[in-house]
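Structure data (compact mmCIF, C-alpha atoms and all ligand atoms) from coords.txt:
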```txt
# COMPACT_ATOMS: atom_id res chain seq x y z
CA MET A 256 0.00 0.00 0.00
CA ASP A 257 1.93 2.98 -1.24
CA ASN A 258 -0.73 5.61 -1.48
CA PHE A 259 -1.94 5.64 2.09
CA GLU A 260 -0.32 7.43 4.95
CA PHE A 261 -1.31 8.69 8.38
CA ARG A 262 0.65 11.39 10.15
CA ILE A 263 0.00 12.78 13.59
CA ILE A 264 0.27 16.56 13.60
CA LYS A 265 -0.36 17.24 17.26
CA LYS A 266 -1.15 15.26 20.38
CA ASP A 267 -3.09 16.78 23.25
CA LYS A 268 -1.08 16.83 26.49
CA ASN A 269 -4.05 16.23 28.78
CA SER A 270 -5.99 13.56 26.90
CA ASN A 271 -5.56 11.06 24.06
CA ALA A 272 -7.02 13.51 21.52
CA ARG A 273 -4.92 14.16 18.46
CA VAL A 274 -4.94 15.91 15.11
CA GLY A 275 -3.70 14.01 12.11
CA VAL A 276 -3.66 13.84 8.35
CA ILE A 277 -4.68 10.88 6.23
CA LYS A 278 -3.14 10.80 2.78
CA THR A 279 -5.08 8.92 0.09
CA PRO A 280 -4.93 8.74 -3.73
CA HIS A 281 -7.77 11.29 -3.72
CA GLY A 282 -6.05 13.81 -1.54
CA GLU A 283 -5.42 14.45 2.12
CA VAL A 284 -8.00 14.78 4.85
CA SER A 285 -7.48 16.02 8.37
CA THR A 286 -8.57 14.13 11.48
CA PRO A 287 -10.64 13.93 13.61
CA ILE A 288 -12.99 13.53 10.67
CA PHE A 289 -16.70 12.88 10.31
CA MET A 290 -17.70 11.04 7.13
CA PRO A 291 -21.25 11.69 5.89
CA VAL A 292 -22.96 8.45 4.91
CA GLY A 293 -23.65 8.15 1.19
CA THR A 294 -25.46 4.84 1.35
CA GLN A 295 -26.28 4.37 -2.34
CA ALA A 296 -23.58 6.57 -3.89
CA SER A 297 -25.49 9.59 -2.62
CA VAL A 298 -25.72 11.43 0.67
CA LYS A 299 -29.49 11.63 0.72
CA THR A 300 -30.90 14.90 -0.72
CA LEU A 301 -27.43 16.30 -1.52
CA SER A 302 -25.31 16.51 -4.66
CA SER A 303 -21.55 16.08 -4.65
CA GLU A 304 -21.29 19.87 -5.11
CA ASP A 305 -23.39 20.37 -1.97
CA LEU A 306 -21.00 18.10 -0.09
CA LYS A 307 -18.07 20.27 -1.10
CA GLU A 308 -20.03 23.34 -0.09
CA ILE A 309 -20.46 21.98 3.43
CA ARG A 310 -16.73 21.12 3.45
CA ALA A 311 -17.06 17.34 3.63
CA GLU A 312 -13.63 15.80 3.19
CA MET A 313 -14.35 12.09 2.95
CA ILE A 314 -17.64 10.25 2.52
CA LEU A 315 -18.79 6.69 3.09
CA GLY A 316 -20.49 4.32 0.66
CA ASN A 317 -22.28 1.08 1.54
CA THR A 318 -21.02 -2.00 -0.25
CA TYR A 319 -24.18 -4.01 0.42
CA HIS A 320 -26.45 -1.46 -1.27
CA LEU A 321 -24.12 -0.75 -4.19
CA TYR A 322 -23.57 -4.45 -4.80
CA LEU A 323 -27.34 -4.98 -5.09
CA ARG A 324 -28.02 -1.73 -6.97
CA PRO A 325 -26.69 -0.72 -9.43
CA GLY A 326 -24.17 -3.58 -9.04
CA HIS A 327 -20.42 -3.22 -8.53
CA GLN A 328 -19.66 -4.14 -12.15
CA LEU A 329 -21.68 -1.20 -13.37
CA VAL A 330 -19.92 1.17 -10.98
CA GLU A 331 -16.60 -0.22 -12.19
CA LYS A 332 -17.69 0.33 -15.79
CA ALA A 333 -18.45 3.95 -14.89
CA GLY A 334 -14.85 4.30 -13.78
CA GLY A 335 -15.39 3.57 -10.09
CA LEU A 336 -17.46 5.17 -7.37
CA HIS A 337 -15.60 8.50 -7.51
CA LYS A 338 -16.35 9.01 -11.21
CA PHE A 339 -19.84 7.53 -10.98
CA MET A 340 -20.96 10.07 -8.38
CA SER A 341 -18.60 12.84 -9.45
CA TRP A 342 -16.77 13.03 -6.13
CA ASP A 343 -13.02 13.46 -6.45
CA ARG A 344 -12.22 13.39 -2.74
CA PRO A 345 -11.62 10.29 -0.57
CA ILE A 346 -14.28 7.63 -0.10
CA LEU A 347 -14.50 4.77 2.39
CA THR A 348 -16.66 1.73 1.75
CA ASP A 349 -17.79 -0.66 4.46
CA SER A 350 -17.73 -4.39 3.82
CA GLY A 351 -21.50 -4.76 3.70
CA GLY A 352 -21.54 -7.10 6.68
CA PHE A 353 -23.46 -4.76 8.93
CA GLN A 354 -26.27 -4.28 6.41
CA VAL A 355 -26.44 -7.98 5.62
CA PHE A 356 -27.05 -8.71 9.27
CA SER A 357 -29.26 -5.73 10.06
CA LEU A 358 -31.48 -5.74 6.95
CA ASN A 359 -32.00 -9.48 6.71
CA SER A 360 -33.55 -11.71 9.25
CA LEU A 361 -32.68 -14.75 7.14
CA THR A 362 -28.91 -14.85 7.09
CA LYS A 363 -26.85 -17.98 7.37
CA THR A 364 -23.32 -17.61 8.59
CA SER A 365 -20.68 -20.27 8.12
CA GLU A 366 -16.92 -20.43 7.95
CA GLU A 367 -17.27 -19.80 4.23
CA GLY A 368 -19.16 -16.51 4.57
CA VAL A 369 -22.66 -15.18 5.02
CA ARG A 370 -25.57 -16.21 2.85
CA PHE A 371 -28.43 -13.73 2.65
CA GLN A 372 -31.53 -12.76 0.77
CA SER A 373 -31.69 -9.36 -0.91
CA HIS A 374 -34.05 -7.00 0.94
CA LEU A 375 -35.12 -5.77 -2.51
CA ASP A 376 -36.23 -8.86 -4.40
CA GLY A 377 -35.54 -11.84 -2.16
CA SER A 378 -32.74 -13.17 -4.38
CA TYR A 379 -30.01 -15.22 -2.68
CA HIS A 380 -26.43 -14.02 -2.36
CA LEU A 381 -23.24 -15.08 -0.65
CA PHE A 382 -20.74 -12.65 0.82
CA THR A 383 -17.42 -14.31 1.46
CA PRO A 384 -14.36 -12.35 2.59
CA GLU A 385 -12.99 -12.74 -0.95
CA LYS A 386 -16.25 -11.53 -2.49
CA VAL A 387 -16.53 -8.33 -0.43
CA ILE A 388 -12.93 -7.48 -1.31
CA GLU A 389 -13.65 -8.09 -5.00
CA VAL A 390 -16.73 -5.84 -4.78
CA GLN A 391 -14.83 -3.12 -2.93
CA HIS A 392 -12.02 -3.26 -5.49
CA ALA A 393 -14.58 -2.71 -8.23
CA LEU A 394 -16.08 0.24 -6.34
CA GLY A 395 -12.60 1.68 -5.89
CA ALA A 396 -12.87 3.53 -2.56
CA ASP A 397 -9.69 4.80 -0.93
CA ILE A 398 -10.33 2.96 2.31
CA ILE A 399 -12.05 -0.44 2.35
CA MET A 400 -13.10 -2.67 5.22
CA VAL A 401 -12.80 -6.36 6.11
CA LEU A 402 -15.91 -8.53 6.40
CA ASP A 403 -16.87 -9.05 10.03
CA GLU A 404 -19.70 -10.66 11.90
CA PRO A 405 -21.31 -8.06 14.10
CA VAL A 406 -23.13 -9.28 17.18
CA LEU A 407 -26.11 -7.71 18.83
CA TYR A 408 -26.25 -6.40 22.37
CA PRO A 409 -26.62 -8.16 24.72
CA CYS A 410 -24.64 -11.12 23.44
CA SER A 411 -23.51 -14.17 25.35
CA LEU A 412 -19.80 -14.71 25.88
CA GLU A 413 -19.91 -17.92 23.82
CA GLN A 414 -21.62 -16.21 20.93
CA ALA A 415 -19.26 -13.25 21.02
CA GLU A 416 -16.29 -15.60 21.19
CA ARG A 417 -17.50 -17.56 18.18
CA ALA A 418 -18.12 -14.37 16.17
CA ASN A 419 -14.67 -13.10 17.11
CA LYS A 420 -13.01 -16.24 15.85
CA LEU A 421 -14.87 -16.04 12.57
CA THR A 422 -14.20 -12.32 12.21
CA LEU A 423 -10.48 -12.87 12.69
CA ASN A 424 -10.42 -15.70 10.19
CA TRP A 425 -12.32 -13.53 7.69
CA ALA A 426 -9.94 -10.61 8.33
CA GLU A 427 -6.98 -12.79 7.34
CA ARG A 428 -8.76 -13.97 4.21
CA CYS A 429 -9.74 -10.41 3.29
CA ARG A 430 -6.14 -9.32 3.69
CA GLN A 431 -4.94 -12.15 1.47
CA ALA A 432 -7.61 -11.52 -1.19
CA HIS A 433 -6.82 -7.81 -1.15
CA LYS A 434 -3.12 -8.45 -1.62
CA GLU A 435 -3.70 -10.87 -4.50
CA LEU A 436 -6.03 -8.48 -6.33
CA GLU A 437 -3.66 -5.55 -5.82
CA ASP A 438 -0.72 -7.51 -7.15
CA LYS A 439 -2.71 -8.80 -10.10
CA ASP A 440 -3.89 -5.34 -11.17
CA PHE A 441 -0.65 -3.54 -10.21
CA LYS A 442 -3.03 -1.30 -8.33
CA HIS A 443 -1.98 -0.35 -4.82
CA THR A 444 -4.46 2.38 -4.16
CA GLN A 445 -6.78 1.06 -1.48
CA ALA A 446 -6.11 0.77 2.23
CA LEU A 447 -7.80 -2.18 3.95
CA PHE A 448 -8.76 -1.59 7.59
CA GLY A 449 -9.30 -4.31 10.19
CA ILE A 450 -12.32 -4.24 12.52
CA ILE A 451 -12.04 -4.95 16.24
CA GLN A 452 -15.05 -6.79 17.63
CA GLY A 453 -15.70 -8.53 20.95
CA SER A 454 -19.00 -7.11 22.15
CA THR A 455 -18.69 -5.75 25.70
CA TYR A 456 -16.16 -8.35 26.89
CA PRO A 457 -12.81 -6.72 27.67
CA GLU A 458 -10.88 -9.96 27.18
CA LEU A 459 -12.43 -10.54 23.74
CA ARG A 460 -11.80 -6.94 22.68
CA LYS A 461 -8.17 -7.35 23.74
CA ASN A 462 -7.79 -10.65 21.85
CA SER A 463 -9.44 -9.21 18.76
CA ALA A 464 -7.26 -6.09 18.77
CA GLU A 465 -4.02 -7.96 19.39
CA ALA A 466 -4.70 -10.54 16.69
CA LEU A 467 -5.60 -7.85 14.14
CA VAL A 468 -2.58 -5.72 15.01
CA LYS A 469 -0.40 -8.77 14.26
CA LEU A 470 -1.86 -8.75 10.73
CA ASP A 471 -0.61 -5.17 10.41
CA PHE A 472 -3.49 -3.30 8.79
CA PRO A 473 -2.93 0.35 7.79
CA GLY A 474 -5.82 1.36 10.06
CA TYR A 475 -8.22 -0.08 12.61
CA ALA A 476 -11.92 0.28 13.16
CA ILE A 477 -13.80 -0.43 16.35
CA GLY A 478 -17.10 -2.10 15.51
CA GLY A 479 -20.07 -3.46 17.39
CA LEU A 480 -20.62 -0.56 19.77
CA SER A 481 -23.49 1.85 20.42
CA LEU A 482 -25.95 -1.00 19.99
CA GLY A 483 -27.83 -0.28 23.19
CA GLU A 484 -25.16 -0.98 25.81
CA PRO A 485 -24.71 1.63 28.57
CA LYS A 486 -22.69 4.64 27.45
CA SER A 487 -20.09 4.02 30.13
CA THR A 488 -19.52 0.54 28.64
CA THR A 489 -19.20 1.99 25.12
CA PHE A 490 -16.43 4.33 26.21
CA GLU A 491 -14.76 1.71 28.39
CA MET A 492 -14.52 -0.53 25.28
CA VAL A 493 -13.33 2.33 23.08
CA ASP A 494 -10.64 3.23 25.59
CA LEU A 495 -9.54 -0.39 25.84
CA CYS A 496 -9.43 -0.96 22.07
CA VAL A 497 -7.52 2.28 21.50
CA SER A 498 -4.87 1.15 23.99
CA TYR A 499 -4.10 -1.87 21.79
CA ILE A 500 -4.00 -0.04 18.45
CA PRO A 501 -0.53 1.22 17.55
CA GLU A 502 -0.42 4.98 18.01
CA GLU A 503 0.70 5.65 14.46
CA LYS A 504 -2.41 3.99 12.94
CA PRO A 505 -5.75 5.77 12.39
CA ARG A 506 -8.62 4.68 14.65
CA TYR A 507 -12.14 4.60 13.31
CA LEU A 508 -15.16 4.26 15.58
CA MET A 509 -17.89 2.87 13.35
CA GLY A 510 -21.44 4.14 13.45
CA VAL A 511 -21.01 6.39 16.48
CA GLY A 512 -22.41 9.59 16.09
CA THR A 513 -24.06 11.99 18.49
CA PRO A 514 -22.06 15.20 18.93
CA LYS A 515 -21.55 14.35 22.60
CA ASP A 516 -20.33 10.81 21.87
CA MET A 517 -17.95 12.02 19.20
CA VAL A 518 -16.42 14.64 21.46
CA GLU A 519 -15.91 12.01 24.18
CA ALA A 520 -14.43 9.57 21.66
CA ILE A 521 -12.05 12.20 20.26
CA CYS A 522 -10.86 12.67 23.85
CA LEU A 523 -10.09 8.93 23.97
CA GLY A 524 -8.06 9.08 20.76
CA ILE A 525 -10.54 8.31 17.97
CA ASP A 526 -9.73 9.82 14.57
CA MET A 527 -12.64 8.85 12.30
CA PHE A 528 -16.43 8.73 12.56
CA ASP A 529 -19.46 7.96 10.43
CA CYS A 530 -23.12 7.94 11.37
CA VAL A 531 -26.50 8.34 9.72
CA LEU A 532 -27.78 10.52 12.59
CA PRO A 533 -27.24 14.03 11.20
CA THR A 534 -28.73 13.17 7.80
CA ARG A 535 -31.51 10.87 8.95
CA ASN A 536 -32.60 13.17 11.79
CA ALA A 537 -32.51 16.19 9.50
CA ARG A 538 -34.99 14.51 7.16
CA ASN A 539 -37.20 14.01 10.21
CA ALA A 540 -37.06 17.73 11.06
CA SER A 541 -34.67 17.20 13.97
CA LEU A 542 -31.64 19.47 13.68
CA PHE A 543 -28.31 19.51 15.48
CA THR A 544 -27.10 22.85 16.83
CA ARG A 545 -24.49 24.13 19.28
CA PHE A 546 -27.18 24.28 21.95
CA GLY A 547 -28.57 20.82 21.37
CA LYS A 548 -31.33 19.34 19.27
CA LEU A 549 -33.90 21.60 17.65
CA ILE A 550 -37.25 20.17 16.52
CA ILE A 551 -38.06 22.60 13.77
CA LYS A 552 -41.72 21.59 13.50
CA ASN A 553 -42.44 22.84 17.03
CA SER A 554 -45.02 25.61 17.10
CA GLU A 555 -42.69 27.93 19.00
CA TYR A 556 -40.77 28.44 15.73
CA ALA A 557 -43.82 29.46 13.70
CA ASP A 558 -42.88 33.14 13.79
CA ASP A 559 -39.23 32.80 14.77
CA PHE A 560 -37.29 34.61 12.08
CA SER A 561 -33.87 33.88 13.53
CA PRO A 562 -31.51 31.34 11.93
CA ILE A 563 -31.53 27.68 13.03
CA ASP A 564 -28.24 28.24 14.85
CA PRO A 565 -27.15 31.89 15.09
CA GLU A 566 -23.50 30.80 15.40
CA CYS A 567 -23.60 28.53 12.34
CA GLY A 568 -22.03 29.74 9.11
CA CYS A 569 -23.87 27.38 6.75
CA SER A 570 -25.76 28.69 3.74
CA VAL A 571 -29.10 27.77 5.33
CA CYS A 572 -28.43 29.68 8.54
CA ARG A 573 -27.10 32.64 6.55
CA ASN A 574 -30.17 32.84 4.32
CA TYR A 575 -33.23 31.29 5.92
CA SER A 576 -35.18 31.49 9.16
CA ARG A 577 -36.56 28.84 11.50
CA ALA A 578 -40.05 29.99 10.54
CA TYR A 579 -39.33 29.40 6.85
CA LEU A 580 -37.79 25.96 7.36
CA ARG A 581 -40.72 25.00 9.61
CA HIS A 582 -43.10 26.13 6.87
CA LEU A 583 -41.25 23.98 4.29
CA PHE A 584 -41.56 20.92 6.53
CA ASN A 585 -45.20 21.59 7.31
CA THR A 586 -46.12 21.92 3.66
CA GLY A 587 -44.12 18.88 2.61
CA GLU A 588 -41.74 20.80 0.38
CA ILE A 589 -38.82 18.62 -0.78
CA SER A 590 -36.37 21.48 -0.20
CA ALA A 591 -37.02 21.16 3.55
CA LEU A 592 -35.11 17.86 3.62
CA ARG A 593 -32.21 19.29 1.66
CA LEU A 594 -31.85 22.49 3.68
CA ALA A 595 -32.10 20.61 6.98
CA THR A 596 -29.45 18.12 5.81
CA ILE A 597 -27.11 20.90 4.71
CA HIS A 598 -27.33 22.57 8.10
CA SER A 599 -26.89 19.45 10.23
CA LEU A 600 -23.96 18.10 8.23
CA TYR A 601 -22.31 21.51 8.23
CA PHE A 602 -22.65 21.52 12.01
CA TYR A 603 -20.94 18.11 12.20
CA MET A 604 -18.11 19.37 9.98
CA ASP A 605 -17.84 22.46 12.15
CA LEU A 606 -17.71 20.31 15.27
CA MET A 607 -14.68 18.45 13.90
CA ARG A 608 -13.08 21.75 12.93
CA MET A 609 -13.62 23.17 16.43
CA ALA A 610 -12.18 20.03 18.05
CA LYS A 611 -9.12 20.18 15.79
CA GLU A 612 -8.55 23.85 16.55
CA ALA A 613 -8.83 23.19 20.28
CA ILE A 614 -6.30 20.34 20.10
CA LEU A 615 -3.91 22.44 18.02
CA SER A 616 -4.13 25.35 20.42
CA GLY A 617 -3.67 23.12 23.47
CA ASN A 618 -7.02 23.71 25.16
CA PHE A 619 -9.00 20.66 24.09
CA LEU A 620 -10.36 19.69 27.51
CA GLU A 621 -11.45 23.23 28.23
CA TRP A 622 -13.15 23.45 24.85
CA LYS A 623 -14.79 20.04 25.38
CA ASN A 624 -16.28 21.11 28.71
CA ASP A 625 -17.56 24.38 27.27
CA PHE A 626 -19.01 22.66 24.22
CA LEU A 627 -20.78 19.93 26.21
CA LYS A 628 -22.15 22.41 28.73
CA LYS A 629 -23.71 24.49 26.00
CA TYR A 630 -24.80 21.48 23.96
CA GLN A 631 -26.56 19.86 26.88
CA SER A 632 -28.01 23.07 28.24
CA ASN A 633 -31.50 22.41 26.97
CA GLN A 634 -31.78 18.84 25.90
CA LYS A 635 -32.20 15.32 27.08
CA GLU A 636 -29.78 12.55 26.26
CA GLU A 637 -29.77 11.80 22.56
CA ARG A 638 -30.08 8.18 21.58
CA ASN A 639 -27.57 7.05 19.06
CA ASN A 640 -29.33 4.84 16.58
CA VAL A 641 -26.94 3.23 14.21
CA GLY A 642 -28.16 1.39 11.16
CA ASN A 643 -29.17 2.04 7.64
CA ASN A 644 -30.51 5.24 6.27
ZN ZN W 701 -26.50 26.14 9.76
```
Take the structure in the file and write it out as structure tokens.
Ligand SMILES: [Zn+2]
Amino acid sequence: MDNFEFRIIKKDKNSNARVGVIKTPHGEVSTPIFMPVGTQASVKTLSSEDLKEIRAEMILGNTYHLYLRPGHQLVEKAGGLHKFMSWDRPILTDSGGFQVFSLNSLTKTSEEGVRFQSHLDGSYHLFTPEKVIEVQHALGADIIMVLDEPVLYPCSLEQAERANKLTLNWAERCRQAHKELEDKDFKHTQALFGIIQGSTYPELRKNSAEALVKLDFPGYAIGGLSLGEPKSTTFEMVDLCVSYIPEEKPRYLMGVGTPKDMVEAICLGIDMFDCVLPTRNARNASLFTRFGKLIIKNSEYADDFSPIDPECGCSVCRNYSRAYLRHLFNTGEISALRLATIHSLYFYMDLMRMAKEAILSGNFLEWKNDFLKKYQSNQKEERNNVGNN
């Protein structure tokens, strides 16, 4: 892998937070980074130009969805995912495993792989580690992921242990398949990340992390969290996993996503995030702001001509009022979904920018406390629903 690099620019003295740069064939991105989820080669309601406008640096595509529609061969024929969706910045694709397990009640997992029925037409498919690598090579994202078997919460120790064993075996096969395909095509442009699993069992998390680190992936993801376990457990597991990942490798916390959770995870040393929350909630008229969640349909905003978030610099906050956006939602105008998405994603980008600035200027913990105080000033705990948008 010649085209991938991670450099740490600055480490916070009082926490594990850090600022870094990830170099990919489609340019450099700075971390901590939030990746908007572009499930089907599209961040819902937005164009690739919109994504640049909100300063998105890297986006995520879902292998499961793209494999089923329009099919990875078609995307490859288009010149890869970047060309297909006209996005020339970095892309990460997941392995599809999470969707296979969460969208299908009828999956059959074996050593070979996971057999599933399409949620679209009921047709049968098999995802093996080799297959998901082949699909992700055709899609051509800059960062690709190994196939893993996620477990639900709660999960028995035996079940988690079995899934861990399988996940590790699949990780090795993914690594091998990736290497073979790269060598065959003389194409060394994709970085394959390993995924640490182990449910909420510290010993399993440790085993998973240590075994994956031995395989020497260019980056590591932490999967299987924020599935309903207590928050304290989530962060305990994150902290533990991070301690086993070599410092010079990027750390990606999959599917975690409320502003509060991300700020806490940055503090523990996480570099990368993705989550459907800002986009999915926006389409449901629930907006993220510096002072917490704002339900734009509430009647109190009917004649409120102030911006969604007075401190936000996004095009929606600069040009439109809460009253107008509420009106768009109430009348079922399509633009409501788009404007709400633009604002909430911009806020997420801004959050990462603020965290980076605080780390660079040496006052991260102070900033974190101030941010959380303001953010939680008028809201109840946000539930972090991961899944498919
Ligand atoms: Zn805004």
Point-to-point distance from CA of Phe353 (chain A) to CA of Val406 (chain A), Å rounded to tenths: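 Computed distance, CA of Phe353 (chain A) to CA of Val406 (chain A), equals 9.4 Å.
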Length of the CA of Met313 (chain A) to CA of Tyr601 (chain A) vector [Å]: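 Rounded to one decimal, the two atoms are 13.4 Å apart.
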Point (-7.2, 17.9, 23.1) neighbourhood (7 Å, only C-alpha atoms) written as a PyMOL selection string: chain A and resi 267+269-270+272-273+522+613-614+617-620
Pick from A:Asp529, A:Asp494, A:Glu588, A:Glu413 nearest to Val292 (chain A), counting all atoms listed in the file: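 Smallest distance to Val292 (chain A) is found for A:Asp529.
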Expected answer as a PyMOL selection string: residues within 10 Å of ligand ZN 701 (chain W), all atoms listed in the file: chain A and resi 309+542-545+562-575+594-602+605
Have region 409-437 of chain A completed to N, CA and C atoms, please, and pass it along as a PDB file, keeping the file's coordinate frame.
```pdb
ATOM      1  N   PRO A 409     -27.702  -7.400  24.095  1.00  0.00           N
ATOM      2  CA  PRO A 409     -26.620  -8.160  24.720  1.00  0.00           C
ATOM      3  C   PRO A 409     -26.298  -9.433  23.936  1.00  0.00           C
ATOM      4  N   CYS A 410     -25.119  -9.941  24.160  1.00  0.00           N
ATOM      5  CA  CYS A 410     -24.640 -11.120  23.440  1.00  0.00           C
ATOM      6  C   CYS A 410     -23.892 -11.991  24.431  1.00  0.00           C
ATOM      7  N   SER A 411     -24.166 -13.278  24.388  1.00  0.00           N
ATOM      8  CA  SER A 411     -23.510 -14.170  25.350  1.00  0.00           C
ATOM      9  C   SER A 411     -22.015 -14.257  25.039  1.00  0.00           C
ATOM     10  N   LEU A 412     -21.254 -14.600  26.050  1.00  0.00           N
ATOM     11  CA  LEU A 412     -19.800 -14.710  25.880  1.00  0.00           C
ATOM     12  C   LEU A 412     -19.460 -15.731  24.800  1.00  0.00           C
ATOM     13  N   GLU A 413     -20.185 -16.852  24.798  1.00  0.00           N
ATOM     14  CA  GLU A 413     -19.910 -17.920  23.820  1.00  0.00           C
ATOM     15  C   GLU A 413     -20.150 -17.423  22.403  1.00  0.00           C
ATOM     16  N   GLN A 414     -21.257 -16.720  22.253  1.00  0.00           N
ATOM     17  CA  GLN A 414     -21.620 -16.210  20.930  1.00  0.00           C
ATOM     18  C   GLN A 414     -20.605 -15.169  20.449  1.00  0.00           C
ATOM     19  N   ALA A 415     -20.218 -14.293  21.366  1.00  0.00           N
ATOM     20  CA  ALA A 415     -19.260 -13.250  21.020  1.00  0.00           C
ATOM     21  C   ALA A 415     -17.899 -13.871  20.686  1.00  0.00           C
ATOM     22  N   GLU A 416     -17.560 -14.920  21.401  1.00  0.00           N
ATOM     23  CA  GLU A 416     -16.290 -15.600  21.190  1.00  0.00           C
ATOM     24  C   GLU A 416     -16.258 -16.257  19.800  1.00  0.00           C
ATOM     25  N   ARG A 417     -17.386 -16.893  19.470  1.00  0.00           N
ATOM     26  CA  ARG A 417     -17.500 -17.560  18.180  1.00  0.00           C
ATOM     27  C   ARG A 417     -17.410 -16.540  17.048  1.00  0.00           C
ATOM     28  N   ALA A 418     -18.130 -15.427  17.190  1.00  0.00           N
ATOM     29  CA  ALA A 418     -18.120 -14.370  16.170  1.00  0.00           C
ATOM     30  C   ALA A 418     -16.719 -13.782  16.023  1.00  0.00           C
ATOM     31  N   ASN A 419     -16.023 -13.643  17.142  1.00  0.00           N
ATOM     32  CA  ASN A 419     -14.670 -13.100  17.110  1.00  0.00           C
ATOM     33  C   ASN A 419     -13.723 -13.977  16.310  1.00  0.00           C
ATOM     34  N   LYS A 420     -13.864 -15.276  16.520  1.00  0.00           N
ATOM     35  CA  LYS A 420     -13.010 -16.240  15.850  1.00  0.00           C
ATOM     36  C   LYS A 420     -13.223 -16.156  14.335  1.00  0.00           C
ATOM     37  N   LEU A 421     -14.502 -16.111  13.984  1.00  0.00           N
ATOM     38  CA  LEU A 421     -14.870 -16.040  12.570  1.00  0.00           C
ATOM     39  C   LEU A 421     -14.379 -14.725  11.964  1.00  0.00           C
ATOM     40  N   THR A 422     -14.603 -13.631  12.681  1.00  0.00           N
ATOM     41  CA  THR A 422     -14.200 -12.320  12.210  1.00  0.00           C
ATOM     42  C   THR A 422     -12.684 -12.258  11.956  1.00  0.00           C
ATOM     43  N   LEU A 423     -11.936 -12.877  12.848  1.00  0.00           N
ATOM     44  CA  LEU A 423     -10.480 -12.870  12.690  1.00  0.00           C
ATOM     45  C   LEU A 423     -10.056 -13.702  11.475  1.00  0.00           C
ATOM     46  N   ASN A 424     -10.691 -14.850  11.337  1.00  0.00           N
ATOM     47  CA  ASN A 424     -10.420 -15.700  10.190  1.00  0.00           C
ATOM     48  C   ASN A 424     -10.760 -14.965   8.882  1.00  0.00           C
ATOM     49  N   TRP A 425     -11.901 -14.292   8.874  1.00  0.00           N
ATOM     50  CA  TRP A 425     -12.320 -13.530   7.690  1.00  0.00           C
ATOM     51  C   TRP A 425     -11.357 -12.368   7.418  1.00  0.00           C
ATOM     52  N   ALA A 426     -10.856 -11.735   8.491  1.00  0.00           N
ATOM     53  CA  ALA A 426      -9.940 -10.610   8.330  1.00  0.00           C
ATOM     54  C   ALA A 426      -8.665 -11.073   7.607  1.00  0.00           C
ATOM     55  N   GLU A 427      -8.177 -12.248   7.993  1.00  0.00           N
ATOM     56  CA  GLU A 427      -6.980 -12.790   7.340  1.00  0.00           C
ATOM     57  C   GLU A 427      -7.243 -13.074   5.870  1.00  0.00           C
ATOM     58  N   ARG A 428      -8.426 -13.651   5.599  1.00  0.00           N
ATOM     59  CA  ARG A 428      -8.760 -13.970   4.210  1.00  0.00           C
ATOM     60  C   ARG A 428      -8.966 -12.700   3.389  1.00  0.00           C
ATOM     61  N   CYS A 429      -9.563 -11.688   3.997  1.00  0.00           N
ATOM     62  CA  CYS A 429      -9.740 -10.410   3.290  1.00  0.00           C
ATOM     63  C   CYS A 429      -8.376  -9.824   2.942  1.00  0.00           C
ATOM     64  N   ARG A 430      -7.471  -9.888   3.886  1.00  0.00           N
ATOM     65  CA  ARG A 430      -6.140  -9.320   3.690  1.00  0.00           C
ATOM     66  C   ARG A 430      -5.438 -10.033   2.524  1.00  0.00           C
ATOM     67  N   GLN A 431      -5.561 -11.337   2.518  1.00  0.00           N
ATOM     68  CA  GLN A 431      -4.940 -12.150   1.470  1.00  0.00           C
ATOM     69  C   GLN A 431      -5.565 -11.840   0.099  1.00  0.00           C
ATOM     70  N   ALA A 432      -6.898 -11.796   0.070  1.00  0.00           N
ATOM     71  CA  ALA A 432      -7.610 -11.520  -1.190  1.00  0.00           C
ATOM     72  C   ALA A 432      -7.258 -10.131  -1.715  1.00  0.00           C
ATOM     73  N   HIS A 433      -7.162  -9.190  -0.798  1.00  0.00           N
ATOM     74  CA  HIS A 433      -6.820  -7.810  -1.150  1.00  0.00           C
ATOM     75  C   HIS A 433      -5.418  -7.760  -1.777  1.00  0.00           C
ATOM     76  N   LYS A 434      -4.503  -8.449  -1.153  1.00  0.00           N
ATOM     77  CA  LYS A 434      -3.120  -8.450  -1.620  1.00  0.00           C
ATOM     78  C   LYS A 434      -3.039  -9.074  -3.027  1.00  0.00           C
ATOM     79  N   GLU A 435      -3.735 -10.187  -3.195  1.00  0.00           N
ATOM     80  CA  GLU A 435      -3.700 -10.870  -4.500  1.00  0.00           C
ATOM     81  C   GLU A 435      -4.270  -9.992  -5.607  1.00  0.00           C
ATOM     82  N   LEU A 436      -5.409  -9.346  -5.317  1.00  0.00           N
ATOM     83  CA  LEU A 436      -6.030  -8.480  -6.330  1.00  0.00           C
ATOM     84  C   LEU A 436      -5.150  -7.280  -6.648  1.00  0.00           C
ATOM     85  N   GLU A 437      -4.543  -6.712  -5.610  1.00  0.00           N
ATOM     86  CA  GLU A 437      -3.660  -5.550  -5.820  1.00  0.00           C
ATOM     87  C   GLU A 437      -2.477  -5.932  -6.696  1.00  0.00           C
TER      88      GLU A 437
END
```
